[in-house]
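Colleague: Before anything else, here's the structure in question.
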Amino acid sequence: MDLDTVLRAIEATAIATEIREGESSFPWIESIHVLAIALVVGSISIVDLRLLGWASIERAVRRVTGSVLPVTWIAFVVAAVSGALLFSSNALTYGHNTWFLLKFGFLAAAGVNMLVFQFGINGSVATWDNRTTPPPSARLAGALSLLFWVAVITCGRWVGFTLQPGLGG
Amino acid sequence: MKTKALLDFCDTIDATALSQAIQATKWVVPLVQTVHILAIAALLSSVLMINLRLLGVAGTDQTLARVSERFRPVVWWSLPVLLASGLILIIGEPARALTNPFFQLKMCLLVVVLIVTLLSQRPLYGDSRFWDNRVATGRAIAMLSLLLWSGIVFAGRWIAYL
């Protein structure tokens with residue numbers, strides 16, 4: 001079974017059909033997606049800026065991550081679910097859209113960066129928790145995260161302009 | 001609202017060299033929309049952190065005044081970016097925005113939320129514990145603010161569909 005067969009099967013599901021053909025399902029889900037992704041990127045950037053030593057510097061790194069990351073994760077789950085629903089409605093078109101694939105490349109990069117930070121760099125956080133400027137590895141993780149998430153948003157917005165007409169700008 | 005005067009105004013903007021230039025360059029609108037969304041991300045997250053503190057849900061290791069000091073500038077700096085990027089989008093497609101009920105709703109909600117934000121932040125300058133002594137009112141304001149900002153994001157996305 002090739003990929004296109006899978007994408008067509010996704011499109012043919014009842015929920016995908018409803019989102020595609022329904023009067024207003026798509027814009028409702030899309031609005032939720034925009035709200036969620038804005039909160040993902042906005043909240044993670046609060047952590048990134050702390051790692052870079054650029055903002056919230058009077059506050060310990062673990063205090064910042066503790067109060068911000070729960071917001072990031074909840075918003076991420078909402079963004080992922082709403083995004084999956086939007087994808088299902090036109091799986092074949094999205095699956096062949098360069099910007100969409102690029103978006104997922106950057107999303108994967110942000111994920112790997114986060115894992116490297118969480119299970120590597122963050123292991124020593126106790127020793128630099130209160131430092132205004134964290135070590136270079138942590139600063140690099142913060143900078144890469146900012147970069148990848150801005151790229152995710154940019155590609156995501158370009159998806160809307162490179163699909164066939166009728167899907168909304 | 002879709003009066004003759006408004007439609008004429010849209011035509012006037014549409015005919016300007018700037019509008020024509022934006023319309024002729026394909027990448028301007030998606031690029032400016034990207035900037036607009038990034039500014040919304042910065043603003044929304046900052047508003048959320050202030051309001052979560054007001055609700056007593058997150059950041060309780062710091063005072064509300066301290067949390068506000070950290071995030072208030074982000075809110076006020078995001079606004080001119082949103083205004084400028086929004087203005088470019090309007091000049092590029094005046095009728096799509098100005099005559100659109102969702103755009104008009106978005107602007108009304110914006111005025112309301114700005115007034116709510118100003119009124120709720122103002123007392124903190126004189127008395128940093130102002131909202132600590134008025135917990136219930138503070139929570140109601142936080143909920144109202146989050147509801148209004150979410151409404152603004154929703155209305156903004158719906159402009160594309162009407």
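Residue numbers start at 1 in each chain; chains themselves are named A, B, ... in the order of the structure tokens; ligands are numbered from 1 in the order shown.
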Write down, as a list of chain:residue names, each residue of chain A that has any atom within 7 Å of an atom of chain B, counting only C-alpha atoms.
Modeller: A:Pro27, A:Ser31, A:Leu35, A:Ala38, A:Leu39, A:Val41, A:Gly42, A:Ser43, A:Ser56, A:Ser67, A:Ile153, A:Thr154, A:Arg157, A:Trp158, A:Gly168, A:Gly169
Colleague: Residues as selected, N, CA and C atoms, written as a tab-separated table (two decimals), in the first residue's frame, can you do that?
Modeller:
```tsv
chain	number	residue	atom	x	y	z
A	27	PRO	N	-13.13	26.33	9.52
A	27	PRO	CA	-12.70	27.56	10.21
A	27	PRO	C	-12.73	27.48	11.73
A	31	SER	N	-9.35	28.02	13.77
A	31	SER	CA	-9.21	29.07	14.79
A	31	SER	C	-8.60	28.51	16.07
A	35	LEU	N	-4.99	29.59	17.75
A	35	LEU	CA	-4.91	29.98	19.15
A	35	LEU	C	-3.90	29.10	19.89
A	38	ALA	N	-0.24	29.63	18.70
A	38	ALA	CA	0.28	30.91	19.20
A	38	ALA	C	0.75	30.74	20.64
A	39	LEU	N	-0.02	29.98	21.43
A	39	LEU	CA	0.36	29.77	22.83
A	39	LEU	C	1.57	28.85	22.95
A	41	VAL	N	4.10	28.56	20.75
A	41	VAL	CA	5.29	29.31	20.35
A	41	VAL	C	5.59	30.46	21.32
A	42	GLY	N	4.53	31.16	21.73
A	42	GLY	CA	4.73	32.27	22.66
A	42	GLY	C	5.27	31.80	23.99
A	43	SER	N	4.72	30.70	24.52
A	43	SER	CA	5.16	30.24	25.85
A	43	SER	C	6.56	29.62	25.79
A	56	SER	N	13.55	37.43	31.90
A	56	SER	CA	13.24	36.71	33.15
A	56	SER	C	14.51	36.33	33.90
A	67	SER	N	6.61	27.14	35.58
A	67	SER	CA	5.34	27.87	35.44
A	67	SER	C	4.90	27.96	33.98
A	153	ILE	N	5.90	28.26	12.15
A	153	ILE	CA	4.81	29.22	11.92
A	153	ILE	C	4.85	29.73	10.47
A	154	THR	N	6.05	30.09	10.02
A	154	THR	CA	6.19	30.64	8.67
A	154	THR	C	5.72	29.63	7.62
A	157	ARG	N	1.94	29.15	7.67
A	157	ARG	CA	1.18	30.21	7.01
A	157	ARG	C	1.28	30.08	5.48
A	158	TRP	N	2.44	29.64	5.00
A	158	TRP	CA	2.61	29.49	3.55
A	158	TRP	C	1.77	28.34	2.98
A	168	GLY	N	-9.46	28.72	1.70
A	168	GLY	CA	-9.29	29.86	2.60
A	168	GLY	C	-7.84	30.26	2.67
A	169	GLY	N	-7.57	31.57	2.80
A	169	GLY	CA	-6.19	32.08	2.82
A	169	GLY	C	-5.60	32.08	4.19
```
Colleague: Please give the complete set of residues from chain A that DSSP, run on the backbone, assigns to helix (DSSP H, G or I), formatted as a PyMOL selection string.
Modeller: chain A and resi 3-12+14-21+25-52+61-89+91-95+98-119+121-128+136-159
Colleague: Name the closest residue to Ile22 in chain B among the candidates B:Leu144, B:Val111, B:Leu98, B:Leu89; distances are taken between atoms, counting only C-alpha atoms.
Modeller: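 Going through B:Leu144, B:Val111, B:Leu98, B:Leu89 one by one, the smallest distance to Ile22 in chain B is for B:Leu89.
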Colleague: Give me the residues near range 125-130 of chain B as a PyMOL selection string, where near means some atom within 9 Å (using only C-alpha atoms) and where sequence neighbours in that chain fewer than 2 positions away do not count.
Modeller: chain B and resi 63-66+121-123+132-134
Colleague: Those residues with C-alpha atoms, as a compact mmCIF listing (two decimals), in the first residue's frame please?
Modeller:
```txt
# COMPACT_ATOMS: atom_id res chain seq x y z
CA THR B 63 3.81 38.74 43.06
CA LEU B 64 1.32 39.82 40.41
CA ALA B 65 3.13 43.15 40.18
CA ARG B 66 6.39 41.32 39.42
CA GLN B 121 -3.05 47.19 35.25
CA ARG B 122 -3.36 50.83 36.36
CA PRO B 123 -4.00 50.22 40.11
CA ASP B 132 -4.49 40.50 46.21
CA ASN B 133 -7.13 42.29 48.24
CA ARG B 134 -9.82 41.83 45.57
```
Colleague: Rank A:Ser24, A:His33, A:Thr17, A:Gly120 by their smallest atom-to-atom distance to Ala84 in chain A, using only C-alpha atoms, and report the top residue only.
Modeller: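 Among the listed residues, A:His33 lies closest to Ala84 in chain A.
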Colleague: Please list as a PyMOL selection string every residue within 8 Å of Gly138 in chain B, counting only C-alpha atoms and excluding residues in the same chain fewer than 4 positions away.
Modeller: chain B and resi 54-55+131+134+142
Colleague: I'd like the contact shell of Val81 in chain A - 10 Å cut-off, only C-alpha atoms, skipping same-chain residues fewer than 5 positions apart - returned as a PyMOL selection string.
Modeller: chain A and resi 29+32-33+76+86-87
Colleague: Considering only C-alpha atoms, return as a CSV table (one decimal) with N, CA and C atoms, in the first residue's frame whatever protein or nucleic-acid residues lie within 9 Å of Ile19 in chain A, sequence-local ones (same chain, fewer than 2 positions apart) excluded.
Modeller:
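Resulting contents of result-v8.csv:
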```csv
chain,number,residue,atom,x,y,z
A,14,ALA,N,-15.3,9.4,7.9
A,14,ALA,CA,-16.4,10.2,8.1
A,14,ALA,C,-16.1,11.6,8.7
A,15,ILE,N,-15.1,11.6,9.6
A,15,ILE,CA,-14.8,12.9,10.3
A,15,ILE,C,-14.1,13.8,9.3
A,16,ALA,N,-13.2,13.2,8.5
A,16,ALA,CA,-12.5,14.1,7.5
A,16,ALA,C,-13.5,14.6,6.5
A,17,THR,N,-14.5,13.8,6.1
A,17,THR,CA,-15.5,14.3,5.1
A,17,THR,C,-16.3,15.4,5.7
A,21,GLU,N,-16.5,19.0,4.1
A,21,GLU,CA,-17.8,19.4,3.4
A,21,GLU,C,-18.7,20.2,4.3
A,22,GLY,N,-18.4,20.2,5.6
A,22,GLY,CA,-19.3,20.9,6.6
A,22,GLY,C,-19.3,22.4,6.4
A,23,GLU,N,-20.3,23.0,6.8
A,23,GLU,CA,-20.5,24.5,6.6
A,23,GLU,C,-19.4,25.3,7.2
A,24,SER,N,-19.0,25.0,8.5
A,24,SER,CA,-18.1,25.8,9.2
A,24,SER,C,-17.1,25.0,10.1
A,25,SER,N,-17.0,23.7,9.9
A,25,SER,CA,-16.1,22.9,10.8
A,25,SER,C,-14.7,23.4,10.6
A,26,PHE,N,-14.3,23.6,9.3
A,26,PHE,CA,-12.9,23.9,9.0
A,26,PHE,C,-12.4,25.2,9.7
A,29,ILE,N,-12.1,24.8,13.6
A,29,ILE,CA,-11.0,24.0,14.0
A,29,ILE,C,-9.7,24.8,13.8
A,85,LEU,N,-6.8,17.0,12.7
A,85,LEU,CA,-8.2,17.0,12.1
A,85,LEU,C,-8.2,17.8,10.8
A,86,LEU,N,-7.5,19.0,10.8
A,86,LEU,CA,-7.4,19.8,9.6
A,86,LEU,C,-6.7,19.0,8.4
A,88,SER,N,-6.5,15.8,8.1
A,88,SER,CA,-7.4,14.6,7.6
A,88,SER,C,-8.3,15.1,6.5
A,89,SER,N,-8.8,16.3,6.6
A,89,SER,CA,-9.8,16.8,5.7
A,89,SER,C,-9.3,16.9,4.2
```
Colleague: With only C-alpha atoms as the counted atoms, please give the residues lying no more than 9 Å from Cys155 in chain A, apart from itself and same-chain residues fewer than 4 positions off, as a list in words.
Modeller: Trp99, Phe100, Leu101, Leu102, Lys103, Phe104, Phe106, Val150, Ala151 and Val159 of chain A; Thr34 of chain B
Colleague: Please measure the separation of CA of Leu18 in chain B and CA of His36 in chain B, giving the value in Å to one decimal.
Modeller: 18.9 Å
Colleague: By how many Å are CA of Pro135 in chain A and CA of Arg50 in chain A apart?
Modeller: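 About the pair CA of Pro135 in chain A and CA of Arg50 in chain A: they are 11.7 Å apart.
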Colleague: Could you tell me how far CA of Ala79 in chain A sits from CA of Ser78 in chain B, in Å to one decimal place?
Modeller: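 CA of Ala79 in chain A lies 22.4 Å from CA of Ser78 in chain B.
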